[in-house]
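So this block is input.txt, compact mmCIF, C-alpha atoms and all ligand atoms:
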# COMPACT_ATOMS: atom_id res chain seq x y z
CA MET A 135 125.01 -16.32 -22.91
CA PHE A 136 125.42 -12.56 -22.57
CA GLU A 137 127.70 -11.09 -19.89
CA LYS A 138 125.02 -8.63 -18.90
CA GLY A 139 121.34 -9.55 -18.96
CA LEU A 140 118.76 -7.76 -21.11
CA PRO A 141 115.68 -6.07 -19.65
CA ARG A 142 112.50 -8.17 -19.68
CA LYS A 143 110.85 -5.97 -22.28
CA ALA A 144 113.72 -6.46 -24.72
CA VAL A 145 113.70 -10.23 -24.17
CA LEU A 146 109.95 -10.43 -24.62
CA GLY A 147 110.16 -8.42 -27.84
CA LYS A 148 112.87 -10.76 -29.11
CA LEU A 149 110.81 -13.77 -28.07
CA GLU A 150 107.76 -12.56 -29.91
CA SER A 151 109.66 -12.14 -33.14
CA GLU A 152 111.52 -15.45 -32.69
CA LEU A 153 108.25 -17.39 -32.23
CA LYS A 154 106.44 -15.75 -35.14
CA GLU A 155 107.10 -18.57 -37.57
CA ASP A 156 105.50 -21.23 -35.35
CA PHE A 157 102.05 -22.51 -36.22
CA THR A 158 99.31 -21.56 -33.77
CA TYR A 159 96.13 -23.45 -32.92
CA ASN A 160 94.10 -20.24 -33.24
CA SER A 161 94.95 -19.94 -36.92
CA GLY A 162 93.05 -23.17 -37.58
CA ARG A 163 95.93 -24.34 -39.75
CA ILE A 164 96.92 -27.17 -37.41
CA LEU A 165 94.80 -30.05 -38.66
CA GLY A 166 97.20 -32.92 -38.00
CA SER A 167 97.87 -32.65 -34.28
CA MET A 168 96.40 -34.47 -31.31
CA CYS A 169 97.12 -31.52 -29.07
CA THR A 170 95.18 -28.30 -28.80
CA SER A 171 95.17 -24.93 -27.14
CA PRO A 172 94.95 -25.65 -23.38
CA HIS A 173 91.77 -24.56 -21.62
CA GLN A 174 92.04 -21.05 -20.15
CA PHE A 175 91.16 -22.20 -16.63
CA ALA A 176 93.76 -24.98 -16.72
CA ARG A 177 96.41 -22.43 -17.73
CA GLN A 178 95.46 -20.26 -14.78
CA VAL A 179 95.69 -23.16 -12.31
CA TYR A 180 98.94 -24.39 -13.88
CA MET A 181 100.56 -20.97 -13.37
CA LYS A 182 99.66 -21.03 -9.66
CA CYS A 183 101.38 -24.36 -9.07
CA LEU A 184 104.71 -24.07 -10.89
CA GLU A 185 106.78 -24.94 -7.81
CA LYS A 186 104.99 -28.21 -7.00
CA ASN A 187 107.24 -31.23 -7.49
CA LEU A 188 105.56 -34.63 -7.35
CA GLY A 189 109.00 -36.26 -7.26
CA ASP A 190 109.24 -35.35 -3.57
CA PRO A 191 105.73 -36.21 -2.38
CA GLY A 192 106.55 -35.61 1.30
CA LEU A 193 107.17 -31.93 0.53
CA PHE A 194 104.01 -31.65 -1.52
CA CYS A 195 101.57 -33.99 0.23
CA ALA A 196 98.56 -31.94 -0.79
CA ALA A 197 99.62 -31.77 -4.44
CA THR A 198 100.25 -35.53 -4.37
CA GLN A 199 96.77 -36.02 -2.96
CA LEU A 200 95.29 -33.98 -5.83
CA GLU A 201 97.20 -36.08 -8.37
CA GLN A 202 95.64 -39.17 -6.81
CA GLU A 203 92.19 -37.57 -6.93
CA ALA A 204 92.73 -36.78 -10.62
CA ILE A 205 93.64 -40.44 -11.17
CA LYS A 206 90.47 -41.58 -9.40
CA MET A 207 88.40 -39.21 -11.58
CA LEU A 208 90.05 -40.56 -14.73
CA GLY A 209 89.46 -44.04 -13.30
CA SER A 210 85.76 -43.33 -12.86
CA LEU A 211 85.63 -42.11 -16.46
CA LEU A 212 87.08 -45.47 -17.49
CA SER A 213 84.86 -47.62 -15.25
CA HIS A 214 87.33 -48.10 -12.39
CA PRO A 215 87.16 -45.33 -9.77
CA ASN A 216 89.71 -47.18 -7.66
CA ALA A 217 92.48 -47.22 -10.28
CA TYR A 218 96.10 -46.51 -9.35
CA GLY A 219 98.45 -44.46 -11.46
CA HIS A 220 99.96 -41.11 -12.28
CA ILE A 221 99.75 -38.02 -14.41
CA VAL A 222 102.96 -38.38 -16.42
CA SER A 223 104.76 -36.61 -19.24
CA GLY A 224 102.56 -38.02 -21.99
CA GLY A 225 101.25 -41.13 -23.71
CA THR A 226 104.76 -42.29 -24.47
CA GLU A 227 105.78 -42.41 -20.81
CA ALA A 228 102.43 -44.00 -19.91
CA ASN A 229 102.88 -46.77 -22.48
CA ILE A 230 106.47 -47.37 -21.35
CA LEU A 231 105.29 -47.66 -17.72
CA ALA A 232 102.63 -50.19 -18.75
CA LEU A 233 105.10 -52.41 -20.59
CA TRP A 234 107.63 -51.99 -17.78
CA ALA A 235 105.03 -53.36 -15.33
CA ALA A 236 104.09 -56.13 -17.77
CA ARG A 237 107.72 -57.18 -18.12
CA ASN A 238 108.35 -57.15 -14.37
CA LEU A 239 105.22 -59.17 -13.67
CA ALA A 240 105.93 -61.76 -16.36
CA LYS A 241 108.08 -64.85 -16.01
CA THR A 242 111.58 -64.26 -17.39
CA ARG A 243 111.09 -66.40 -20.47
CA ARG A 244 108.19 -64.20 -21.54
CA ARG A 245 109.77 -61.31 -23.40
CA GLU A 246 107.49 -60.69 -26.39
CA VAL A 247 104.76 -58.08 -26.76
CA LEU A 248 101.95 -58.26 -29.32
CA ALA A 249 100.61 -54.98 -30.67
CA PRO A 250 98.69 -54.08 -33.81
CA VAL A 251 100.59 -52.72 -36.82
CA SER A 252 98.68 -49.49 -36.10
CA ALA A 253 100.16 -49.07 -32.58
CA HIS A 254 101.91 -45.81 -31.76
CA CYS A 255 105.72 -45.62 -32.04
CA SER A 256 105.96 -45.30 -28.26
CA PHE A 257 105.68 -49.10 -28.13
CA ASP A 258 108.78 -49.41 -30.33
CA LYS A 259 110.57 -47.11 -27.89
CA ALA A 260 109.27 -49.09 -24.90
CA ALA A 261 110.30 -52.45 -26.37
CA ASN A 262 113.75 -51.13 -27.21
CA LEU A 263 114.26 -49.69 -23.73
CA LEU A 264 112.90 -52.70 -21.88
CA GLY A 265 114.60 -55.44 -23.87
CA LEU A 266 111.28 -56.73 -25.22
CA LYS A 267 110.53 -58.00 -28.69
CA LEU A 268 107.60 -56.16 -30.26
CA ILE A 269 105.56 -58.34 -32.60
CA LYS A 270 103.29 -56.33 -34.89
CA VAL A 271 100.02 -58.12 -35.56
CA LYS A 272 98.24 -57.59 -38.90
CA LEU A 273 94.99 -55.66 -39.16
CA ASN A 274 91.61 -56.79 -40.46
CA ASP A 275 89.77 -54.97 -43.26
CA ARG A 276 88.46 -52.44 -40.74
CA PHE A 277 92.03 -51.54 -39.68
CA GLN A 278 91.63 -53.25 -36.29
CA MET A 279 94.05 -55.77 -34.82
CA ASP A 280 93.04 -59.07 -36.41
CA ILE A 281 91.87 -61.51 -33.73
CA LYS A 282 92.86 -64.66 -35.62
CA GLU A 283 96.34 -63.25 -36.24
CA ALA A 284 96.61 -62.30 -32.56
CA GLU A 285 95.62 -65.81 -31.50
CA LYS A 286 98.27 -67.27 -33.79
CA ALA A 287 100.94 -64.94 -32.46
CA VAL A 288 100.44 -65.67 -28.71
CA THR A 289 103.03 -68.11 -27.39
CA LYS A 290 104.69 -69.06 -24.10
CA LYS A 291 107.06 -66.16 -24.77
CA THR A 292 104.29 -63.52 -24.76
CA ALA A 293 104.55 -61.07 -21.86
CA ALA A 294 101.82 -58.66 -22.92
CA ILE A 295 99.18 -57.79 -25.47
CA VAL A 296 98.48 -54.17 -26.41
CA GLY A 297 95.14 -53.02 -27.83
CA VAL A 298 94.48 -49.47 -29.02
CA ALA A 299 91.27 -47.52 -28.39
CA GLY A 300 91.62 -44.73 -30.93
CA THR A 301 94.60 -45.42 -33.17
CA THR A 302 97.00 -42.63 -34.03
CA GLY A 303 96.31 -42.81 -37.75
CA LEU A 304 92.59 -43.45 -38.11
CA GLY A 305 91.08 -43.41 -34.61
CA VAL A 306 90.15 -47.07 -34.86
CA VAL A 307 89.16 -49.04 -31.73
CA ASP A 308 90.62 -52.55 -31.56
CA PRO A 309 88.37 -55.46 -30.48
CA ILE A 310 89.24 -55.05 -26.80
CA ARG A 311 86.82 -57.72 -25.45
CA GLU A 312 88.18 -60.39 -27.77
CA LEU A 313 91.79 -59.44 -27.05
CA SER A 314 91.02 -59.54 -23.33
CA GLU A 315 89.77 -63.10 -23.69
CA ILE A 316 92.98 -64.14 -25.40
CA ALA A 317 95.02 -62.41 -22.69
CA LEU A 318 93.03 -64.08 -19.89
CA ALA A 319 93.26 -67.51 -21.50
CA HIS A 320 97.03 -67.23 -21.77
CA GLU A 321 97.47 -65.38 -18.45
CA VAL A 322 99.10 -62.48 -20.22
CA TYR A 323 99.16 -58.78 -19.23
CA PHE A 324 96.77 -56.68 -21.34
CA HIS A 325 97.31 -52.94 -21.85
CA VAL A 326 94.91 -50.60 -23.64
CA ASP A 327 96.30 -47.46 -25.25
CA ALA A 328 93.40 -45.01 -25.04
CA ALA A 329 95.72 -41.98 -25.09
CA PHE A 330 93.38 -40.31 -27.58
CA GLY A 331 90.14 -42.32 -27.32
CA GLY A 332 89.98 -42.25 -23.53
CA PHE A 333 88.75 -38.66 -23.57
CA VAL A 334 86.37 -39.24 -26.49
CA LEU A 335 84.73 -42.68 -26.26
CA PRO A 336 83.10 -42.32 -22.80
CA PHE A 337 81.45 -39.05 -23.88
CA LEU A 338 80.37 -40.45 -27.25
CA GLU A 339 78.66 -43.22 -25.34
CA GLU A 340 76.92 -40.69 -23.10
CA LEU A 341 75.82 -38.84 -26.25
CA GLY A 342 74.07 -42.00 -27.39
CA SER A 343 76.58 -43.55 -29.80
CA ASN A 344 77.19 -47.25 -29.83
CA VAL A 345 80.65 -47.52 -28.29
CA PRO A 346 82.36 -50.89 -27.86
CA ASP A 347 83.71 -51.69 -24.39
CA PHE A 348 87.35 -50.66 -24.23
CA ASP A 349 88.09 -49.81 -20.60
CA PHE A 350 88.28 -51.50 -17.17
CA ARG A 351 84.77 -52.92 -17.74
CA VAL A 352 86.64 -55.52 -19.75
CA PRO A 353 88.00 -58.00 -17.19
CA GLY A 354 91.43 -58.71 -18.72
CA VAL A 355 92.45 -55.05 -18.97
CA CYS A 356 95.39 -54.45 -16.60
CA SER A 357 96.22 -50.86 -17.50
CA VAL A 358 95.00 -47.97 -19.64
CA THR A 359 96.77 -44.93 -21.08
CA VAL A 360 94.55 -41.84 -21.23
CA ASP A 361 96.05 -38.46 -22.05
CA PRO A 362 94.67 -35.21 -20.65
CA HIS A 363 96.96 -33.20 -22.98
CA LYS A 364 95.13 -34.52 -26.04
CA MET A 365 91.30 -34.33 -25.97
CA GLY A 366 91.38 -33.52 -22.24
CA LEU A 367 92.36 -29.87 -23.03
CA ALA A 368 95.10 -29.87 -20.38
CA PRO A 369 98.44 -28.08 -20.75
CA ILE A 370 101.41 -30.18 -21.94
CA PRO A 371 102.82 -32.29 -20.29
CA ALA A 372 99.90 -34.41 -19.08
CA GLY A 373 99.65 -38.06 -19.95
CA GLY A 374 97.81 -40.57 -17.82
CA ILE A 375 98.57 -44.13 -16.78
CA LEU A 376 95.99 -46.12 -14.84
CA PHE A 377 96.62 -49.58 -13.36
CA ARG A 378 93.85 -51.93 -12.27
CA ASP A 379 95.53 -52.62 -8.93
CA GLU A 380 98.27 -51.31 -6.71
CA GLU A 381 100.41 -54.41 -7.04
CA MET A 382 100.74 -53.85 -10.79
CA MET A 383 101.96 -50.32 -10.20
CA ARG A 384 104.27 -51.44 -7.38
CA SER A 385 106.03 -53.79 -9.80
CA ILE A 386 107.88 -50.75 -11.20
CA SER A 387 108.61 -49.14 -7.86
CA THR A 388 111.99 -47.63 -6.93
CA SER A 389 112.67 -46.62 -3.36
CA VAL A 390 114.06 -43.11 -2.87
CA PRO A 391 114.86 -42.97 0.84
CA TYR A 392 116.77 -39.71 1.23
CA LEU A 393 114.23 -37.15 0.00
CA ALA A 394 113.74 -33.87 1.86
CA GLY A 395 110.11 -34.68 2.46
CA GLY A 396 110.95 -38.19 3.70
CA GLY A 397 111.48 -41.46 1.86
CA ALA A 398 109.20 -42.24 -1.05
CA GLU A 399 108.57 -44.81 -3.73
CA HIS A 400 108.70 -43.62 -7.34
CA THR A 401 106.51 -45.46 -9.83
CA THR A 402 107.26 -43.20 -12.80
CA ILE A 403 110.27 -42.75 -15.08
CA SER A 404 110.73 -39.07 -14.20
CA GLY A 405 112.02 -38.12 -10.78
CA THR A 406 111.27 -34.43 -10.47
CA ARG A 407 107.94 -33.96 -12.20
CA SER A 408 105.29 -31.34 -12.68
CA GLY A 409 102.72 -30.95 -9.93
CA ALA A 410 101.25 -28.09 -11.97
CA SER A 411 100.30 -30.53 -14.73
CA ALA A 412 98.52 -32.91 -12.38
CA ILE A 413 96.73 -30.14 -10.49
CA ALA A 414 95.63 -28.46 -13.74
CA VAL A 415 94.10 -31.81 -14.78
CA TRP A 416 92.41 -32.14 -11.40
CA ALA A 417 90.96 -28.62 -11.66
CA LEU A 418 89.82 -28.98 -15.25
CA LEU A 419 88.06 -32.30 -14.65
CA ILE A 420 86.11 -30.71 -11.81
CA HIS A 421 85.43 -27.50 -13.74
CA LEU A 422 84.22 -29.04 -17.00
CA GLY A 423 82.62 -32.17 -15.57
CA ARG A 424 81.18 -34.82 -17.85
CA GLN A 425 78.76 -32.30 -19.29
CA GLY A 426 81.56 -29.95 -20.34
CA TYR A 427 83.52 -32.71 -22.07
CA ARG A 428 80.37 -34.03 -23.73
CA GLY A 429 79.97 -30.58 -25.26
CA VAL A 430 83.56 -30.56 -26.53
CA VAL A 431 83.32 -34.06 -28.00
CA GLY A 432 79.87 -33.43 -29.51
CA ARG A 433 81.15 -30.32 -31.28
CA CYS A 434 84.27 -32.09 -32.61
CA MET A 435 82.12 -34.95 -33.92
CA ARG A 436 79.70 -32.58 -35.67
CA LEU A 437 82.64 -30.88 -37.36
CA THR A 438 84.04 -34.29 -38.28
CA SER A 439 80.75 -35.08 -40.05
CA LYS A 440 80.97 -31.78 -41.88
CA LEU A 441 84.48 -32.64 -43.04
CA VAL A 442 83.42 -36.17 -44.03
CA ASP A 443 80.46 -34.85 -46.08
CA GLY A 444 82.74 -32.36 -47.80
CA ILE A 445 85.34 -35.01 -48.69
CA ARG A 446 82.60 -37.26 -50.14
CA ARG A 447 81.63 -34.40 -52.45
CA ILE A 448 85.13 -33.99 -53.92
CA ASN A 449 85.80 -36.24 -56.91
CA GLY A 450 89.27 -37.73 -56.73
CA VAL A 451 89.60 -38.23 -52.99
CA SER A 452 87.83 -40.56 -50.59
CA LEU A 453 87.75 -41.64 -46.95
CA LYS A 454 90.25 -44.27 -45.87
CA THR A 455 87.57 -45.59 -43.50
CA ASN A 456 84.39 -44.31 -41.88
CA PRO A 457 85.68 -42.40 -38.85
CA ALA A 458 84.60 -43.64 -35.42
CA LEU A 459 86.26 -40.69 -33.68
CA ASN A 460 87.26 -37.17 -34.69
CA ILE A 461 90.13 -38.46 -36.84
CA VAL A 462 89.70 -38.60 -40.62
CA GLY A 463 91.89 -40.40 -43.16
CA ILE A 464 91.81 -38.96 -46.70
CA THR A 465 93.02 -41.16 -49.52
CA SER A 466 92.84 -41.30 -53.31
CA ASN A 467 92.69 -43.98 -55.98
CA GLU A 468 93.62 -41.60 -58.77
CA LEU A 469 96.15 -39.22 -57.22
CA ASP A 470 99.42 -39.61 -55.39
CA ILE A 471 98.35 -38.73 -51.85
CA GLU A 472 101.85 -37.56 -50.99
CA SER A 473 101.59 -34.88 -53.70
CA VAL A 474 98.17 -33.83 -52.40
CA ALA A 475 99.64 -33.48 -48.89
CA GLY A 476 102.64 -31.59 -50.27
CA GLU A 477 100.37 -29.13 -52.05
CA LEU A 478 98.17 -28.66 -48.95
CA ARG A 479 101.27 -28.04 -46.86
CA ARG A 480 102.47 -25.45 -49.37
CA MET A 481 99.09 -23.77 -48.91
CA GLY A 482 99.78 -23.59 -45.18
CA TRP A 483 97.85 -26.60 -43.87
CA ALA A 484 99.62 -28.65 -41.19
CA VAL A 485 98.22 -32.08 -42.02
CA SER A 486 99.80 -35.46 -41.15
CA LEU A 487 100.90 -37.81 -43.88
CA PHE A 488 100.70 -41.56 -43.35
CA PRO A 489 101.86 -44.07 -46.01
CA SER A 490 98.53 -44.16 -47.92
CA TYR A 491 96.48 -41.32 -46.49
CA ILE A 492 96.38 -37.80 -45.07
CA ARG A 493 95.23 -37.59 -41.46
CA VAL A 494 93.07 -34.76 -40.17
CA VAL A 495 92.37 -34.59 -36.43
CA VAL A 496 89.35 -32.40 -35.72
CA MET A 497 90.51 -31.01 -32.37
CA PRO A 498 88.62 -28.45 -30.27
CA HIS A 499 90.56 -25.54 -31.80
CA VAL A 500 89.08 -26.29 -35.25
CA SER A 501 86.03 -24.22 -36.28
CA PRO A 502 83.42 -24.64 -39.05
CA SER A 503 85.09 -21.93 -41.14
CA HIS A 504 88.47 -23.68 -40.86
CA ILE A 505 86.87 -26.85 -42.21
CA GLU A 506 85.16 -24.96 -45.07
CA HIS A 507 88.41 -23.26 -46.00
CA PHE A 508 90.30 -26.57 -45.88
CA LEU A 509 87.71 -28.29 -48.07
CA GLN A 510 87.96 -25.49 -50.63
CA ASP A 511 91.74 -25.83 -50.75
CA LEU A 512 91.51 -29.62 -50.94
CA LYS A 513 89.10 -29.38 -53.88
CA GLU A 514 91.35 -26.90 -55.63
CA THR A 515 94.39 -29.11 -55.05
CA VAL A 516 92.66 -32.19 -56.41
CA GLU A 517 91.52 -30.28 -59.51
CA LYS A 518 95.00 -28.89 -60.03
CA LEU A 519 96.60 -32.33 -59.73
CA GLY A 520 94.10 -33.71 -62.20
CA GLY A 521 91.59 -35.65 -60.11
N1 LIG A 601 99.27 -43.40 -28.03
C1 LIG A 601 98.59 -42.94 -29.09
C2 LIG A 601 97.43 -43.71 -29.62
C3 LIG A 601 99.00 -41.75 -29.69
O1 LIG A 601 98.35 -41.32 -30.78
C4 LIG A 601 100.10 -41.03 -29.14
C5 LIG A 601 100.55 -39.72 -29.71
C6 LIG A 601 100.75 -41.57 -28.02
C7 LIG A 601 100.32 -42.76 -27.49
C8 LIG A 601 101.94 -40.89 -27.40
O2 LIG A 601 101.58 -39.73 -26.77
P1 LIG A 601 102.60 -38.55 -26.47
O3 LIG A 601 102.92 -37.89 -27.76
O4 LIG A 601 101.84 -37.71 -25.50
O5 LIG A 601 103.80 -39.17 -25.83
N2 LIG A 601 99.99 -39.33 -30.85
C9 LIG A 601 100.22 -38.09 -31.51
C10 LIG A 601 100.60 -38.43 -32.96
O6 LIG A 601 101.58 -39.15 -33.16
C11 LIG A 601 101.29 -37.22 -30.91
C12 LIG A 601 101.31 -35.89 -31.55
C13 LIG A 601 100.71 -34.81 -30.94
C14 LIG A 601 101.95 -35.68 -32.75
C15 LIG A 601 100.74 -33.58 -31.52
C16 LIG A 601 101.98 -34.42 -33.36
C17 LIG A 601 101.37 -33.38 -32.73
O7 LIG A 601 101.40 -32.15 -33.29
O8 LIG A 601 99.90 -38.00 -33.83

Same coordinates, now as structure tokens:
Amino acid sequence: MFEKGLPRKAVLGKLESELKEDFTYNSGRILGSMCTSPHQFARQVYMKCLEKNLGDPGLFCAATQLEQEAIKMLGSLLSHPNAYGHIVSGGTEANILALWAARNLAKTRRREVLAPVSAHCSFDKAANLLGLKLIKVKLNDRFQMDIKEAEKAVTKKTAAIVGVAGTTGLGVVDPIRELSEIALAHEVYFHVDAAFGGFVLPFLEELGSNVPDFDFRVPGVCSVTVDPHKMGLAPIPAGGILFRDEEMMRSISTSVPYLAGGGAEHTTISGTRSGASAIAVWALLIHLGRQGYRGVVGRCMRLTSKLVDGIRRINGVSLKTNPALNIVGITSNELDIESVAGELRRMGWAVSLFPSYIRVVVMPHVSPSHIEHFLQDLKETVEKLGG
């Protein structure tokens, strides 16, 4: 730290040059991220609420009320307007909270969690933190959690089952109804990770697509993760955890009696936490409405089709699976996909690389010309590598 501070202008100039090497969403080069440029209106609201701390709800009763209204709106999106929960730091915290509740509600001999091989790494973190054993269940040929394998894996030690609605790699939706039946039959907690899909599937359904039930409509579902800072267009950090009932949420409660605003119960990991995030979500949900989000999702899906058509026309690469959401897996029988990804990255494309495929997430910041440009470069790369 300097002895004497620098004027704002000098610091801002320094900042600008320091940040130059970062990728930006505007450039269209970020094709492997589940985040996007936050909506302009949400930024504006966020900036107004920087001092709000949901960790001391007595000081910020009104902000706390808006967080709860945001939760009810997310609940209504996921077929349960009376859900309980919080806007948290992200999908990772939301998934940890769900497994924390599952562990606390389960009998002590139940310390195993079943999740598909495709589950996000936040479940590894959660299991490690919570002293749970994570059992990864094999996938079927459509990359969903295999029901027969899940049935075999449930035992008297199972505390919870996790299903994913929009997997990290391929955007696949697990068979939530079938998993719910297994969970109900064994009286096991059932969590659905819809961190990504939760802001896509309801709108796809409204647009007329055939969407399998994945939310609180399914009776065994105890909690759902749904992240506003992914397809919800909210500023980071904004994850969402919804519980079916208050008792489930209360199972992770810690009493904080000394707070300035009066005693409170925390049901999150964070103590001090961003009211601005929750209020920006509240404002954006009201501003965009279902119609606004339908527009966003419809556009992303049209661009996804454009990308899919383009990939089909390039000899040497193919689709890992037919995408159900705006997430596309690109694979190859002839070429080493890691080399293809390496070449694309050298050309400036920020794509994700999974063990047998490249993942492209067609987020709202992606435009038709970005897709055309990417397809051109992909074709060139494949030709160069001898496809
Ligand atoms: N659940 C699912 C299904 C996810 O895909 C993710 C994150 C999470 C939970 C955890 O969410 P948080 O990252 O909010 O804690 N999936 C993204 C991924 O791994 C995270 C991400 C986002 C990675 C932007 C890179 C990036 O640029 O792809």

**Item:** Distance query region 160-169 of chain A at most 7 Å, only C-alpha atoms, self and fewer than 4 positions along chain excluded, as an NGL selection string
**Value:** :A and (363-364 or 482-486 or 493-497 or 499-500 or 504)

Would you mind exporting the chosen residues as a PDB file, keeping the file's coordinate frame, restricted to C-alpha atoms?
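result35.pdb, written as the output of this step:
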ATOM      1  CA  HIS A 363      96.960 -33.200 -22.980  1.00  0.00           C
ATOM      2  CA  LYS A 364      95.130 -34.520 -26.040  1.00  0.00           C
ATOM      3  CA  GLY A 482      99.780 -23.590 -45.180  1.00  0.00           C
ATOM      4  CA  TRP A 483      97.850 -26.600 -43.870  1.00  0.00           C
ATOM      5  CA  ALA A 484      99.620 -28.650 -41.190  1.00  0.00           C
ATOM      6  CA  VAL A 485      98.220 -32.080 -42.020  1.00  0.00           C
ATOM      7  CA  SER A 486      99.800 -35.460 -41.150  1.00  0.00           C
ATOM      8  CA  ARG A 493      95.230 -37.590 -41.460  1.00  0.00           C
ATOM      9  CA  VAL A 494      93.070 -34.760 -40.170  1.00  0.00           C
ATOM     10  CA  VAL A 495      92.370 -34.590 -36.430  1.00  0.00           C
ATOM     11  CA  VAL A 496      89.350 -32.400 -35.720  1.00  0.00           C
ATOM     12  CA  MET A 497      90.510 -31.010 -32.370  1.00  0.00           C
ATOM     13  CA  HIS A 499      90.560 -25.540 -31.800  1.00  0.00           C
ATOM     14  CA  VAL A 500      89.080 -26.290 -35.250  1.00  0.00           C
ATOM     15  CA  HIS A 504      88.470 -23.680 -40.860  1.00  0.00           C
TER      16      HIS A 504
END

Skip region 350-359 of chain A itself and residues of its chain fewer than 5 positions away, then list as a PDB file with C-alpha atoms, in the coordinates of the input all residues within 6 Å of it, counting all atoms listed in the file.
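Printed below is result_3.pdb as written:
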ATOM      1  CA  SER A 213      84.860 -47.620 -15.250  1.00  0.00           C
ATOM      2  CA  HIS A 214      87.330 -48.100 -12.390  1.00  0.00           C
ATOM      3  CA  ALA A 228     102.430 -44.000 -19.910  1.00  0.00           C
ATOM      4  CA  SER A 314      91.020 -59.540 -23.330  1.00  0.00           C
ATOM      5  CA  LEU A 318      93.030 -64.080 -19.890  1.00  0.00           C
ATOM      6  CA  PHE A 324      96.770 -56.680 -21.340  1.00  0.00           C
ATOM      7  CA  HIS A 325      97.310 -52.940 -21.850  1.00  0.00           C
ATOM      8  CA  VAL A 326      94.910 -50.600 -23.640  1.00  0.00           C
ATOM      9  CA  ASP A 327      96.300 -47.460 -25.250  1.00  0.00           C
ATOM     10  CA  ALA A 328      93.400 -45.010 -25.040  1.00  0.00           C
ATOM     11  CA  ALA A 329      95.720 -41.980 -25.090  1.00  0.00           C
ATOM     12  CA  GLY A 374      97.810 -40.570 -17.820  1.00  0.00           C
ATOM     13  CA  ILE A 375      98.570 -44.130 -16.780  1.00  0.00           C
ATOM     14  CA  LEU A 376      95.990 -46.120 -14.840  1.00  0.00           C
ATOM     15  CA  PHE A 377      96.620 -49.580 -13.360  1.00  0.00           C
ATOM     16  CA  ARG A 378      93.850 -51.930 -12.270  1.00  0.00           C
TER      17      ARG A 378
END

**Fill in**
As a check of understanding: the span from CA of Arg433 (chain A) to CA of Ile505 (chain A) is 12.8 Å

**Prompt:** With distances taken over only C-alpha atoms and all ligand atoms, which of A:Leu313, A:Ala294, A:Ala236, A:Ile221 is nearest to ligand LIG 601 (chain A)?
**Reply:** A:Ile221

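Residues in contact with Ala299 (chain A) at up to 9 Å, not including ones fewer than 3 positions away on its chain and judged by only C-alpha atoms, are Gly305, Val306, Val307, Asp308, Pro309, Ile310, Val326, Asp327, Ala328, Ala329, Phe330, Gly331, Gly332, Leu335, Phe348 and Asp349 of chain A.
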
Rebuild region 326-338 of chain A so that it carries N, CA and C atoms, then output the result as a PDB file, keeping the file's coordinate frame.
ATOM      1  N   VAL A 326      95.686 -51.316 -22.633  1.00  0.00           N
ATOM      2  CA  VAL A 326      94.910 -50.600 -23.640  1.00  0.00           C
ATOM      3  C   VAL A 326      95.452 -49.167 -23.775  1.00  0.00           C
ATOM      4  N   ASP A 327      95.845 -48.817 -24.985  1.00  0.00           N
ATOM      5  CA  ASP A 327      96.300 -47.460 -25.250  1.00  0.00           C
ATOM      6  C   ASP A 327      95.107 -46.623 -25.709  1.00  0.00           C
ATOM      7  N   ALA A 328      94.529 -45.911 -24.735  1.00  0.00           N
ATOM      8  CA  ALA A 328      93.400 -45.010 -25.040  1.00  0.00           C
ATOM      9  C   ALA A 328      93.877 -43.569 -24.862  1.00  0.00           C
ATOM     10  N   ALA A 329      95.136 -43.319 -25.252  1.00  0.00           N
ATOM     11  CA  ALA A 329      95.720 -41.980 -25.090  1.00  0.00           C
ATOM     12  C   ALA A 329      94.798 -40.942 -25.709  1.00  0.00           C
ATOM     13  N   PHE A 330      94.293 -41.227 -26.902  1.00  0.00           N
ATOM     14  CA  PHE A 330      93.380 -40.310 -27.580  1.00  0.00           C
ATOM     15  C   PHE A 330      91.914 -40.652 -27.244  1.00  0.00           C
ATOM     16  N   GLY A 331      91.545 -41.913 -27.445  1.00  0.00           N
ATOM     17  CA  GLY A 331      90.140 -42.320 -27.320  1.00  0.00           C
ATOM     18  C   GLY A 331      89.581 -42.230 -25.913  1.00  0.00           C
ATOM     19  N   GLY A 332      90.444 -42.256 -24.923  1.00  0.00           N
ATOM     20  CA  GLY A 332      89.980 -42.250 -23.530  1.00  0.00           C
ATOM     21  C   GLY A 332      89.214 -41.000 -23.150  1.00  0.00           C
ATOM     22  N   PHE A 333      89.486 -39.907 -23.837  1.00  0.00           N
ATOM     23  CA  PHE A 333      88.750 -38.660 -23.570  1.00  0.00           C
ATOM     24  C   PHE A 333      87.664 -38.411 -24.609  1.00  0.00           C
ATOM     25  N   VAL A 334      87.405 -39.404 -25.473  1.00  0.00           N
ATOM     26  CA  VAL A 334      86.370 -39.240 -26.490  1.00  0.00           C
ATOM     27  C   VAL A 334      85.274 -40.299 -26.318  1.00  0.00           C
ATOM     28  N   LEU A 335      85.691 -41.566 -26.250  1.00  0.00           N
ATOM     29  CA  LEU A 335      84.730 -42.680 -26.260  1.00  0.00           C
ATOM     30  C   LEU A 335      83.695 -42.621 -25.114  1.00  0.00           C
ATOM     31  N   PRO A 336      84.106 -42.336 -23.870  1.00  0.00           N
ATOM     32  CA  PRO A 336      83.100 -42.320 -22.800  1.00  0.00           C
ATOM     33  C   PRO A 336      82.018 -41.262 -23.062  1.00  0.00           C
ATOM     34  N   PHE A 337      82.417 -40.134 -23.646  1.00  0.00           N
ATOM     35  CA  PHE A 337      81.450 -39.050 -23.880  1.00  0.00           C
ATOM     36  C   PHE A 337      80.591 -39.350 -25.104  1.00  0.00           C
ATOM     37  N   LEU A 338      81.172 -40.020 -26.086  1.00  0.00           N
ATOM     38  CA  LEU A 338      80.370 -40.450 -27.250  1.00  0.00           C
ATOM     39  C   LEU A 338      79.279 -41.392 -26.789  1.00  0.00           C
TER      40      LEU A 338
END
